[in-house]
>>> print(open('upload_20.cif').read())   # mmCIF, C-alpha atoms
data_entry
loop_
_atom_site.label_atom_id
_atom_site.label_comp_id
_atom_site.auth_asym_id
_atom_site.auth_seq_id
_atom_site.Cartn_x
_atom_site.Cartn_y
_atom_site.Cartn_z
CA MET H 1 242.67 -3.08 44.55
CA ALA H 2 241.93 -0.95 47.54
CA GLN H 3 239.22 1.53 48.38
CA CYS H 4 241.27 4.70 48.48
CA VAL H 5 242.98 6.89 45.93
CA ARG H 6 246.38 5.41 45.13
CA SER H 7 249.52 7.47 45.41
CA THR H 8 253.20 6.75 45.99
CA LEU H 9 253.58 7.11 49.69
CA ASN H 10 255.05 1.97 52.92
CA PRO H 11 257.86 -6.89 57.57
CA LEU H 12 259.50 -6.08 59.95
CA ARG H 13 260.60 -5.09 63.31
CA THR H 14 258.68 -7.51 65.43
CA PRO H 15 255.80 -5.73 67.17
CA HIS H 16 254.62 -6.47 70.65
CA SER H 17 252.17 -9.36 70.53
CA VAL H 18 248.55 -8.79 71.37
CA THR H 19 248.18 -11.10 74.34
CA LYS H 20 244.67 -10.27 75.51
CA ARG H 21 242.19 -12.93 74.38
CA VAL H 22 239.15 -11.44 72.73
CA THR H 23 235.70 -12.91 72.23
CA VAL H 24 233.79 -11.61 69.24
CA LYS H 25 230.07 -11.41 69.60
CA SER H 26 228.02 -12.09 66.51
CA PRO H 27 226.04 -9.20 65.09
CA ALA H 28 222.30 -9.42 65.49
CA PHE H 29 221.80 -9.50 61.76
CA ALA H 30 222.74 -11.70 58.84
CA SER H 31 222.69 -9.13 56.07
CA VAL H 32 223.96 -5.61 55.57
CA SER H 33 220.92 -4.61 53.55
CA PHE H 34 219.56 -2.75 56.60
CA LEU H 35 222.38 -0.26 56.21
CA ARG H 36 220.41 1.47 53.48
CA THR H 37 219.32 3.90 56.18
CA LEU H 38 222.32 6.14 55.68
CA PRO H 39 224.59 7.81 56.49
CA GLU H 40 225.10 6.19 59.89
CA PHE H 41 227.23 3.05 59.77
CA LYS H 42 225.89 0.32 62.03
CA LYS H 43 228.64 -1.11 64.20
CA TYR H 44 228.89 -4.67 65.42
CA PRO H 45 229.00 -5.33 69.17
CA LYS H 46 232.31 -4.36 70.70
CA PRO H 47 234.64 -7.31 71.31
CA CYS H 48 235.14 -8.31 74.92
CA SER H 49 237.95 -10.01 76.80
CA LEU H 50 237.55 -13.69 77.62
CA VAL H 51 238.61 -12.78 81.14
CA MET H 52 235.93 -10.17 81.66
CA SER H 53 232.54 -10.10 79.99
CA CYS H 54 231.02 -6.89 78.61
CA GLN H 55 229.19 -6.57 81.94
CA GLY H 56 232.48 -6.88 83.80
CA LYS H 57 231.72 -10.32 85.21
CA VAL H 58 234.47 -12.88 85.31
CA GLN H 59 234.05 -15.75 82.86
CA ASN H 60 235.89 -18.75 84.22
CA GLN H 61 235.98 -20.85 81.11
CA GLN H 62 235.39 -20.64 77.40
CA GLU H 63 232.40 -22.39 75.92
CA GLU H 64 233.42 -25.70 74.37
CA ARG H 65 232.92 -25.86 70.63
CA PRO H 66 232.74 -29.08 68.62
CA GLN H 67 235.51 -29.54 66.06
CA LEU H 68 234.54 -28.99 62.45
CA SER H 69 234.94 -31.90 60.09
CA LEU H 70 234.80 -32.32 56.34
CA ASP H 71 231.36 -33.89 56.83
CA ASP H 72 230.11 -30.53 58.13
CA LEU H 73 231.16 -29.01 54.83
CA VAL H 74 229.95 -31.82 52.55
CA THR H 75 226.74 -33.11 54.16
CA SER H 76 225.53 -30.10 56.13
CA ASN H 77 221.76 -29.60 56.18
CA ARG H 78 222.48 -25.95 55.53
CA LYS H 79 224.22 -26.88 52.28
CA GLY H 80 221.03 -28.58 51.13
CA GLU H 81 219.09 -25.42 51.95
CA VAL H 82 221.25 -23.11 49.83
CA LEU H 83 222.41 -25.38 47.00
CA GLY H 84 219.30 -24.90 44.89
CA THR H 85 219.49 -21.13 45.24
CA ILE H 86 223.16 -21.17 44.23
CA LYS H 87 222.45 -23.29 41.13
CA ASP H 88 219.53 -21.07 40.15
CA SER H 89 221.83 -18.04 40.35
CA LEU H 90 224.68 -19.36 38.17
CA SER H 91 223.44 -17.18 35.29
CA ASN H 92 222.82 -14.09 37.43
CA CYS H 93 226.29 -13.25 38.74
CA LEU H 94 227.75 -9.76 39.02
CA SER H 95 230.70 -9.98 36.66
CA GLU H 96 230.86 -6.39 35.42
CA THR H 97 229.61 -2.99 36.58
CA ASN H 98 229.05 0.34 34.88
CA LEU H 99 227.70 2.72 37.50
CA LEU H 100 229.03 5.68 35.51
CA ALA H 101 225.98 5.22 33.28
CA THR H 102 223.44 4.64 36.05
CA VAL H 103 224.48 6.63 39.16
CA PRO H 104 224.63 10.45 38.91
CA GLY H 105 227.74 12.27 40.10
CA LEU H 106 230.35 9.52 39.71
CA LYS H 107 233.60 10.74 38.14
CA SER H 108 235.61 7.67 37.16
CA ARG H 109 236.00 3.92 37.58
CA ILE H 110 238.98 1.71 38.39
CA LYS H 111 238.46 -1.98 37.67
CA GLY H 112 240.29 -4.26 40.09
CA LYS H 113 240.58 -8.03 40.17
CA VAL H 114 237.39 -8.37 42.19
CA ARG H 115 236.26 -4.85 43.13
CA ASP H 116 235.22 -1.96 40.91
CA ILE H 117 236.00 1.41 42.50
CA TYR H 118 234.12 4.59 41.62
CA ASP H 119 235.14 8.13 42.51
CA ALA H 120 232.16 9.93 44.09
CA GLY H 121 233.93 13.15 45.02
CA ASP H 122 234.37 13.07 48.79
CA TYR H 123 233.91 9.30 48.88
CA LEU H 124 234.74 6.13 47.01
CA ILE H 125 232.17 3.51 46.03
CA LEU H 126 233.47 -0.07 46.12
CA ILE H 127 231.46 -2.74 44.35
CA THR H 128 232.47 -6.28 45.27
CA THR H 129 231.70 -8.39 42.20
CA ASP H 130 231.34 -12.16 41.87
CA ARG H 131 234.58 -12.41 39.90
CA LEU H 132 237.05 -15.03 41.14
CA SER H 133 240.68 -13.99 40.79
CA ALA H 134 243.82 -16.12 41.07
CA PHE H 135 247.12 -16.35 39.21
CA ASP H 136 246.73 -12.60 38.48
CA ARG H 137 243.65 -13.17 36.28
CA ASN H 138 239.91 -13.79 36.51
CA LEU H 139 238.93 -17.46 36.51
CA ALA H 140 235.15 -17.53 36.91
CA SER H 141 232.10 -15.84 38.43
CA ILE H 142 230.74 -17.36 41.65
CA PRO H 143 227.10 -16.80 42.74
CA PHE H 144 226.77 -14.62 45.86
CA LYS H 145 230.55 -14.37 46.18
CA GLY H 146 230.56 -10.58 46.14
CA GLN H 147 227.89 -10.39 48.81
CA VAL H 148 229.66 -12.90 51.04
CA LEU H 149 233.02 -11.14 50.69
CA ASN H 150 231.44 -7.77 51.43
CA GLU H 151 229.58 -8.96 54.50
CA THR H 152 232.57 -10.97 55.74
CA SER H 153 234.80 -7.91 55.54
CA LEU H 154 232.19 -5.74 57.28
CA TRP H 155 232.03 -8.23 60.15
CA TRP H 156 235.81 -8.24 60.57
CA PHE H 157 236.17 -4.48 60.06
CA ASN H 158 233.76 -3.86 62.90
CA ASN H 159 235.33 -6.42 65.19
CA THR H 160 238.93 -5.23 64.70
CA GLN H 161 238.49 -1.56 65.48
CA HIS H 162 240.30 -2.14 68.78
CA ILE H 163 243.40 -2.89 66.65
CA THR H 164 243.11 -0.33 63.84
CA PRO H 165 240.62 2.15 62.38
CA ASN H 166 239.32 1.45 58.88
CA ALA H 167 238.04 3.47 55.93
CA ILE H 168 234.42 2.22 55.89
CA VAL H 169 231.66 4.86 56.00
CA SER H 170 228.55 2.81 55.18
CA SER H 171 227.17 -0.15 53.24
CA PRO H 172 224.02 0.68 51.25
CA ASP H 173 223.84 -2.67 49.47
CA ARG H 174 224.98 -6.23 50.13
CA ASN H 175 227.69 -5.81 47.44
CA VAL H 176 228.62 -2.19 48.15
CA VAL H 177 230.57 -0.11 50.64
CA ILE H 178 231.17 3.62 50.70
CA ALA H 179 234.64 4.49 51.97
CA LYS H 180 236.75 7.46 52.92
CA LYS H 181 239.32 8.61 50.42
CA CYS H 182 242.94 8.18 51.40
CA SER H 183 246.39 7.70 49.92
CA VAL H 184 247.02 3.98 49.51
CA PHE H 185 250.40 2.47 50.22
CA PRO H 186 251.32 0.36 47.16
CA ILE H 187 252.16 -2.63 49.34
CA GLU H 188 250.18 -5.75 50.20
CA PHE H 189 251.02 -6.90 53.71
CA VAL H 190 250.92 -10.68 53.36
CA VAL H 191 251.09 -12.49 56.70
CA ARG H 192 251.78 -16.22 56.87
CA GLY H 193 251.61 -18.77 59.65
CA TYR H 194 252.38 -21.92 57.62
CA VAL H 195 254.67 -23.07 54.81
CA THR H 196 252.14 -23.67 52.05
CA GLY H 197 250.62 -22.42 48.81
CA SER H 198 250.51 -23.12 45.08
CA THR H 199 251.10 -19.76 43.39
CA ASP H 200 254.47 -18.44 42.24
CA THR H 201 254.77 -16.11 45.26
CA SER H 202 253.52 -18.60 47.87
CA LEU H 203 255.91 -19.53 50.65
CA TRP H 204 256.06 -23.24 49.83
CA THR H 205 256.73 -22.59 46.14
CA VAL H 206 259.74 -20.37 46.79
CA TYR H 207 260.98 -22.47 49.72
CA ASN H 208 260.81 -25.66 47.66
CA LYS H 209 263.01 -23.93 45.06
CA GLY H 210 265.71 -23.42 47.68
CA VAL H 211 265.00 -19.84 48.79
CA ARG H 212 265.94 -19.38 52.45
CA ASN H 213 265.64 -15.59 52.78
CA TYR H 214 262.23 -14.46 51.66
CA CYS H 215 261.14 -10.85 52.02
CA GLY H 216 263.68 -10.36 54.79
CA ASN H 217 262.72 -13.53 56.68
CA GLU H 218 265.40 -16.14 57.35
CA LEU H 219 263.95 -19.62 56.85
CA SER H 220 265.63 -22.69 58.30
CA ASP H 221 266.32 -25.87 56.34
CA GLY H 222 264.13 -28.92 56.81
CA LEU H 223 260.69 -27.33 56.65
CA VAL H 224 258.01 -29.35 54.87
CA LYS H 225 254.84 -28.36 53.09
CA ASN H 226 251.95 -27.24 55.31
CA GLN H 227 254.17 -27.07 58.41
CA LYS H 228 253.38 -24.42 61.01
CA LEU H 229 256.06 -21.73 61.22
CA PRO H 230 257.74 -21.05 64.58
CA ALA H 231 256.21 -17.55 64.41
CA ASN H 232 254.01 -15.65 61.99
CA ILE H 233 255.98 -13.80 59.32
CA LEU H 234 255.34 -10.87 57.00
CA THR H 235 256.09 -11.31 53.28
CA PRO H 236 255.10 -8.04 51.57
CA THR H 237 254.44 -7.71 47.86
CA THR H 238 254.14 -4.80 45.47
CA LYS H 239 252.82 -4.47 41.94
CA ALA H 240 254.88 -4.81 38.77
CA ALA H 241 252.96 -4.68 35.51
CA ASP H 242 250.13 -7.21 36.07
CA HIS H 243 251.49 -9.38 38.87
CA ASP H 244 252.59 -9.27 42.50
CA VAL H 245 256.30 -9.09 43.32
CA PRO H 246 257.80 -10.00 46.71
CA ILE H 247 259.67 -7.15 48.36
CA SER H 248 261.73 -6.82 51.55
CA PRO H 249 261.12 -4.21 54.27
CA ASN H 250 264.39 -2.48 53.43
CA GLU H 251 263.42 -2.21 49.75
CA ILE H 252 260.02 -0.76 50.67
CA VAL H 253 261.67 2.10 52.53
CA GLU H 254 264.61 2.54 50.14
CA ARG H 255 262.30 2.79 47.11
CA GLY H 256 260.14 5.39 48.83
CA PHE H 257 256.95 3.35 49.00
CA MET H 258 256.69 4.06 52.75
CA THR H 259 258.72 5.75 55.44
CA GLN H 260 260.22 3.55 58.14
CA ALA H 261 257.67 4.85 60.65
CA GLU H 262 254.77 4.15 58.29
CA PHE H 263 256.03 0.66 57.57
CA ASP H 264 256.56 -0.13 61.23
CA GLU H 265 253.05 0.99 62.16
CA ALA H 266 251.35 -0.83 59.28
CA SER H 267 253.38 -3.98 59.94
CA MET H 268 252.45 -3.99 63.61
CA LYS H 269 248.79 -3.59 62.67
CA ALA H 270 249.01 -6.43 60.12
CA LEU H 271 250.60 -8.90 62.50
CA SER H 272 248.19 -7.97 65.30
CA LEU H 273 245.20 -8.36 62.98
CA PHE H 274 246.47 -11.77 61.89
CA GLU H 275 247.02 -12.97 65.44
CA PHE H 276 243.51 -11.84 66.36
CA GLY H 277 242.07 -13.52 63.26
CA GLN H 278 243.86 -16.77 64.10
CA ARG H 279 242.37 -16.78 67.60
CA VAL H 280 238.84 -16.13 66.34
CA ALA H 281 239.22 -18.81 63.65
CA LYS H 282 240.53 -21.32 66.19
CA GLU H 283 237.53 -20.74 68.44
CA HIS H 284 235.35 -21.79 65.50
CA GLY H 285 237.30 -24.90 64.52
CA LEU H 286 239.34 -23.23 61.77
CA ILE H 287 242.97 -22.31 61.07
CA LEU H 288 243.67 -18.93 59.49
CA VAL H 289 246.73 -19.97 57.49
CA ASP H 290 247.69 -16.77 55.68
CA THR H 291 246.12 -13.55 54.47
CA LYS H 292 246.87 -10.09 53.14
CA TYR H 293 246.07 -6.55 54.29
CA GLU H 294 246.21 -3.14 52.64
CA PHE H 295 246.52 0.23 54.32
CA GLY H 296 246.17 3.90 53.40
CA ARG H 297 246.76 7.28 55.01
CA SER H 298 243.67 9.40 55.60
CA SER H 299 243.43 13.17 55.31
CA ASP H 300 244.02 13.51 59.06
CA GLY H 301 247.27 11.51 58.82
CA SER H 302 246.06 8.28 60.44
CA ILE H 303 246.80 4.89 58.88
CA LEU H 304 243.58 3.04 57.99
CA LEU H 305 242.85 -0.57 57.12
CA ILE H 306 241.26 -0.72 53.67
CA ASP H 307 240.11 -3.11 50.93
CA GLU H 308 239.08 -6.38 52.68
CA ILE H 309 239.93 -8.46 55.73
CA HIS H 310 240.02 -12.21 56.40
CA THR H 311 237.77 -13.13 53.48
CA PRO H 312 238.08 -16.49 51.69
CA ASP H 313 239.44 -14.49 48.73
CA SER H 314 242.29 -12.88 50.64
CA SER H 315 242.89 -15.70 53.12
CA ARG H 316 243.53 -19.42 53.35
CA TYR H 317 241.48 -21.41 55.89
CA TRP H 318 241.94 -25.03 56.98
CA LEU H 319 239.83 -27.24 59.25
CA ALA H 320 241.66 -27.35 62.58
CA GLY H 321 240.32 -30.70 63.80
CA SER H 322 241.98 -32.79 61.10
CA TYR H 323 245.11 -30.70 60.45
CA GLU H 324 247.61 -32.43 62.73
CA GLU H 325 246.68 -35.99 61.77
CA ARG H 326 246.72 -35.19 58.06
CA PHE H 327 250.01 -33.31 58.36
CA GLN H 328 251.66 -36.26 60.09
CA LYS H 329 250.45 -38.54 57.27
CA GLY H 330 251.69 -36.17 54.58
CA LEU H 331 248.16 -35.37 53.40
CA GLU H 332 246.90 -31.98 52.29
CA PRO H 333 244.86 -30.11 54.92
CA GLU H 334 241.11 -29.93 54.48
CA ASN H 335 240.53 -26.40 53.25
CA VAL H 336 237.59 -24.00 53.23
CA ASP H 337 238.71 -21.52 50.59
CA LYS H 338 239.34 -21.26 46.86
CA GLU H 339 242.50 -23.38 46.90
CA PHE H 340 240.74 -26.46 45.46
CA LEU H 341 239.64 -24.44 42.41
CA ARG H 342 243.12 -22.96 42.04
CA LEU H 343 244.51 -26.49 42.01
CA TRP H 344 241.94 -27.56 39.39
CA PHE H 345 243.14 -24.83 37.04
CA LYS H 346 246.79 -25.78 37.65
CA GLU H 347 245.99 -29.41 36.84
CA ASN H 348 243.99 -28.58 33.70
CA SER H 349 245.93 -25.63 32.26
CA ASN H 350 248.89 -23.32 32.71
CA PRO H 351 247.08 -20.39 34.33
CA TYR H 352 250.11 -18.11 34.09
CA GLU H 353 250.79 -18.65 30.37
CA ASP H 354 247.71 -20.03 28.60
CA GLU H 355 245.90 -17.27 26.73
CA VAL H 356 242.52 -18.97 27.13
CA LEU H 357 241.66 -21.03 30.21
CA PRO H 358 239.08 -23.83 30.39
CA ALA H 359 235.71 -22.94 31.90
CA ALA H 360 235.41 -23.87 35.55
CA PRO H 361 233.02 -26.84 35.97
CA ALA H 362 229.59 -25.82 37.27
CA GLU H 363 229.83 -28.28 40.16
CA LEU H 364 233.08 -26.69 41.35
CA VAL H 365 231.64 -23.18 41.01
CA THR H 366 228.62 -24.27 43.06
CA GLU H 367 230.83 -25.91 45.69
CA LEU H 368 232.96 -22.78 46.04
CA ALA H 369 229.87 -20.60 46.47
CA TRP H 370 228.77 -22.92 49.28
CA ARG H 371 232.20 -22.83 50.93
CA TYR H 372 232.17 -19.04 51.02
CA ILE H 373 228.76 -19.11 52.69
CA PHE H 374 229.87 -21.87 55.10
CA LEU H 375 232.92 -19.89 56.16
CA TYR H 376 230.96 -16.70 56.77
CA GLU H 377 228.30 -18.45 58.82
CA THR H 378 230.83 -20.51 60.78
CA ILE H 379 232.85 -17.48 61.89
CA THR H 380 230.04 -15.00 62.46
CA GLY H 381 227.43 -17.38 63.86
CA SER H 382 224.85 -15.72 61.60
CA ARG H 383 223.02 -16.98 58.56
CA ILE H 384 223.67 -14.93 55.46
CA ASP H 385 220.58 -13.76 53.62
CA ILE H 386 220.92 -15.01 50.04
CA ILE H 387 217.84 -14.17 48.02
CA PRO H 388 217.42 -15.22 44.39
CA THR H 389 215.89 -12.46 42.33
CA GLN H 390 214.85 -11.85 38.76
CA GLU H 391 216.10 -8.28 39.02
CA PRO H 392 219.63 -7.90 37.65
CA ILE H 393 222.07 -7.37 40.50
CA HIS H 394 223.50 -4.32 38.74
CA ASP H 395 220.08 -2.59 38.77
CA ARG H 396 219.67 -3.17 42.50
CA ILE H 397 223.17 -1.86 43.22
CA SER H 398 222.61 1.25 41.07
CA ARG H 399 219.36 2.07 42.87
CA ASN H 400 220.72 1.57 46.39
CA THR H 401 223.97 3.42 45.69
CA SER H 402 222.14 6.41 44.18
CA GLN H 403 219.94 6.67 47.26
CA ALA H 404 222.95 6.41 49.58
CA LEU H 405 224.93 9.11 47.80
CA SER H 406 221.91 11.40 47.77
CA SER H 407 221.62 11.02 51.55
CA LEU H 408 225.34 11.66 52.09
CA ARG H 409 225.32 14.78 49.93
CA GLN H 410 222.51 16.27 52.00
CA LEU H 411 224.66 16.28 55.14
#
>>> encode(input="upload_20.cif", output="structure tokens")
Amino acid sequence: MAQCVRSTLNPLRTPHSVTKRVTVKSPAFASVSFLRTLPEFKKYPKPCSLVMSCQGKVQNQQEERPQLSLDDLVTSNRKGEVLGTIKDSLSNCLSETNLLATVPGLKSRIKGKVRDIYDAGDYLILITTDRLSAFDRNLASIPFKGQVLNETSLWWFNNTQHITPNAIVSSPDRNVVIAKKCSVFPIEFVVRGYVTGSTDTSLWTVYNKGVRNYCGNELSDGLVKNQKLPANILTPTTKAADHDVPISPNEIVERGFMTQAEFDEASMKALSLFEFGQRVAKEHGLILVDTKYEFGRSSDGSILLIDEIHTPDSSRYWLAGSYEERFQKGLEPENVDKEFLRLWFKENSNPYEDEVLPAAPAELVTELAWRYIFLYETITGSRIDIIPTQEPIHDRISRNTSQALSSLRQL
């Protein structure tokens, strides 16, 4: 679900690659809570080229970074620091919201898989909950997940403005963003760099069934699971009833979802964003395997990036240091996303058909919460501020959102 008003408005003609290497500087903060001083939206430091620093001085070589290993994920001192807080918060997750009853002036609510979207007149309020979604349904609630997703997206939104503008106006709470209204294209731009996945629409699933033309992409014979593709590809999806459906670029235009020009522009943005994300991930010992983007058209006619970007919910991440060796041995890559919990549900139920699913084990929920935090801190270089509180998360969100809207309406 995206943060703009949906309407029926569009992978691809290959765009020109973004060849300039970009270094992302970490923001000087670990939490977005400071953004309560509205309406100004604090921006992260502007990305700089690896060739020239922000001061214009030539940088001859990139700083060497140690390769991440599974030990960093499993035995990290940082994990020990946050594990107790995560366990203490298992019963205080944000699973549902009802700001219509607590925040004056809101007109309606749309409940998405993870985000609840409220119409505030000139703006939209997006609440990122702790709900975990996969297989087109909610599986569990993960402590601090909403906060981590929100802050991860804010970091990427601010560091990709050289590629595309976005709809973000401000963030008054660690789980909340206020966004511009726009007309959302009913297409998810899924970009893939590897043949992998476990869901019905994943590239490996369809390839293993014999499909060789997927969403307009010709796939050669002989590919194996987790293999790197010769080039990144776009595999768009659209909604049908309650699940995602693959769709080709020609179908997108023919069915009137987007014009050819709109599709070409959004596709170029998606592939450029993915290439940039892969480079940033690589510099931090990670592989950005695949992800999805959503776009909308603003009132001034520009195409904006919306919803989320490069989060562990919308993206698959592997550890780069062990990938090649494990691939050659036919082993699964070491991942830093929700794939391990998806696999648990596939092994213990039929998540597409079973009416009632088993409860996710507490140790897996705790591990996933840690992985989300680990991924955020690894990429941004900042520690996220997770604070256990007796106050219900919903009360805090209601208070901060009310104050933010009051400030915006006084402009």
>>> resolve_selection(input="upload_20.cif", expression="the PyMOL selection byres ((chain H and resi 283-291) around 6)", output="ChimeraX atom specification")
/H:67-68,190-194,278,280-282,292,314-320
>>> atom_distance(input="upload_20.cif", atom1="CA of Phe295 in chain H", atom2="CA of Ser267 in chain H")
9.8 Å
>>> closest_residue(input="upload_20.cif", among="H:Gly80, H:Val245, H:Asn250, H:Phe189", to="Gly216 in chain H", atoms="all atoms listed in the file")
H:Asn250
>>> atom_distance(input="upload_20.cif", atom1="CA of Ser95 in chain H", atom2="CA of Thr201 in chain H")
26.3 Å
>>> resolve_selection(input="upload_20.cif", expression="the PyMOL selection byres ((chain H and resi 224-239) around 8)", output="PyMOL selection string")
chain H and resi 11-12+186-196+204+214-217+222-223+240-249+267+271+327+332-333
>>> closest_residue(input="upload_20.cif", among="H:Tyr293, H:Pro392, H:Asn138, H:Ala179", to="Tyr118 in chain H", atoms="only C-alpha atoms")
H:Ala179
>>> closest_atom_pairs(input="upload_20.cif", of="range 271-335 of chain H", to="range 158-163 of chain H", cutoff="10 Å", atoms="all atoms listed in the file", output="JSON lines")
{"residue": "H:Ser272", "atom": "CA", "partner": "H:Ile163", "partner_atom": "CA", "distance": 7.1}
{"residue": "H:Leu273", "atom": "CA", "partner": "H:Ile163", "partner_atom": "CA", "distance": 6.8}
{"residue": "H:Phe276", "atom": "CA", "partner": "H:Thr160", "partner_atom": "CA", "distance": 8.2}
{"residue": "H:Gly277", "atom": "CA", "partner": "H:Thr160", "partner_atom": "CA", "distance": 9.0}
{"residue": "H:Leu305", "atom": "CA", "partner": "H:Gln161", "partner_atom": "CA", "distance": 9.5}
{"residue": "H:Ile309", "atom": "CA", "partner": "H:Thr160", "partner_atom": "CA", "distance": 9.6}
>>> write_last_selection(input="upload_20.cif", atoms="C-alpha atoms", output="PDB file, in the frame of the given file")
ATOM      1  CA  SER H 272     248.190  -7.970  65.300  1.00  0.00           C
ATOM      2  CA  LEU H 273     245.200  -8.360  62.980  1.00  0.00           C
ATOM      3  CA  PHE H 276     243.510 -11.840  66.360  1.00  0.00           C
ATOM      4  CA  GLY H 277     242.070 -13.520  63.260  1.00  0.00           C
ATOM      5  CA  LEU H 305     242.850  -0.570  57.120  1.00  0.00           C
ATOM      6  CA  ILE H 309     239.930  -8.460  55.730  1.00  0.00           C
TER       7      ILE H 309
END
>>> residues_around(input="upload_20.cif", residues="Met258 in chain H", least_positions_apart="4", cutoff="10 Å", atoms="all atoms listed in the file", output="tab-separated table (two decimals) with C-alpha atoms, keeping the file's coordinate frame")
chain	number	residue	atom	x	y	z
H	8	THR	CA	253.20	6.75	45.99
H	9	LEU	CA	253.58	7.11	49.69
H	10	ASN	CA	255.05	1.97	52.92
H	185	PHE	CA	250.40	2.47	50.22
H	186	PRO	CA	251.32	0.36	47.16
H	187	ILE	CA	252.16	-2.63	49.34
H	249	PRO	CA	261.12	-4.21	54.27
H	251	GLU	CA	263.42	-2.21	49.75
H	252	ILE	CA	260.02	-0.76	50.67
H	253	VAL	CA	261.67	2.10	52.53
H	254	GLU	CA	264.61	2.54	50.14
H	262	GLU	CA	254.77	4.15	58.29
H	263	PHE	CA	256.03	0.66	57.57
H	264	ASP	CA	256.56	-0.13	61.23
H	266	ALA	CA	251.35	-0.83	59.28
>>> closest_residue(input="upload_20.cif", among="H:Glu334, H:Asp119, H:Asp88, H:Asp395", to="Ala362 in chain H", atoms="all atoms listed in the file")
H:Asp88
>>> closest_residue(input="upload_20.cif", among="H:Thr152, H:Ser108, H:Ser141, H:Thr205", to="Asn92 in chain H", atoms="all atoms listed in the file")
H:Ser141
>>> residues_around(input="upload_20.cif", residues="Asp200 in chain H", least_positions_apart="6", cutoff="12 Å", atoms="all atoms listed in the file", output="number ranges by chain")
H: 134-136, 206-209, 243-246, 346, 351-352
>>> atom_distance(input="upload_20.cif", atom1="CA of Ala360 in chain H", atom2="CA of Phe144 in chain H")
16.3 Å
>>> resolve_selection(input="upload_20.cif", expression="the PyMOL selection byres ((chain H and resi 154) around 9)", output="number ranges by chain")
H: 32, 44, 149-153, 155-159, 168, 171, 177, 308-309
>>> residues_around(input="upload_20.cif", residues="Leu405 in chain H", least_positions_apart="6", cutoff="10 Å", atoms="only C-alpha atoms", output="PyMOL selection string")
chain H and resi 38-39+103-106+120+123+125+172+178
>>> write_last_selection(input="upload_20.cif", atoms="C-alpha atoms", output="compact mmCIF listing (two decimals), keeping the file's coordinate frame")
# COMPACT_ATOMS: atom_id res chain seq x y z
CA LEU H 38 222.32 6.14 55.68
CA PRO H 39 224.59 7.81 56.49
CA VAL H 103 224.48 6.63 39.16
CA PRO H 104 224.63 10.45 38.91
CA GLY H 105 227.74 12.27 40.10
CA LEU H 106 230.35 9.52 39.71
CA ALA H 120 232.16 9.93 44.09
CA TYR H 123 233.91 9.30 48.88
CA ILE H 125 232.17 3.51 46.03
CA PRO H 172 224.02 0.68 51.25
CA ILE H 178 231.17 3.62 50.70
>>> residues_near_point(input="upload_20.cif", point="(222.5, -23.9, 43.4)", cutoff="12 Å", atoms="all atoms listed in the file", output="number ranges by chain")
H: 79-92, 142-144, 362-370, 386-388
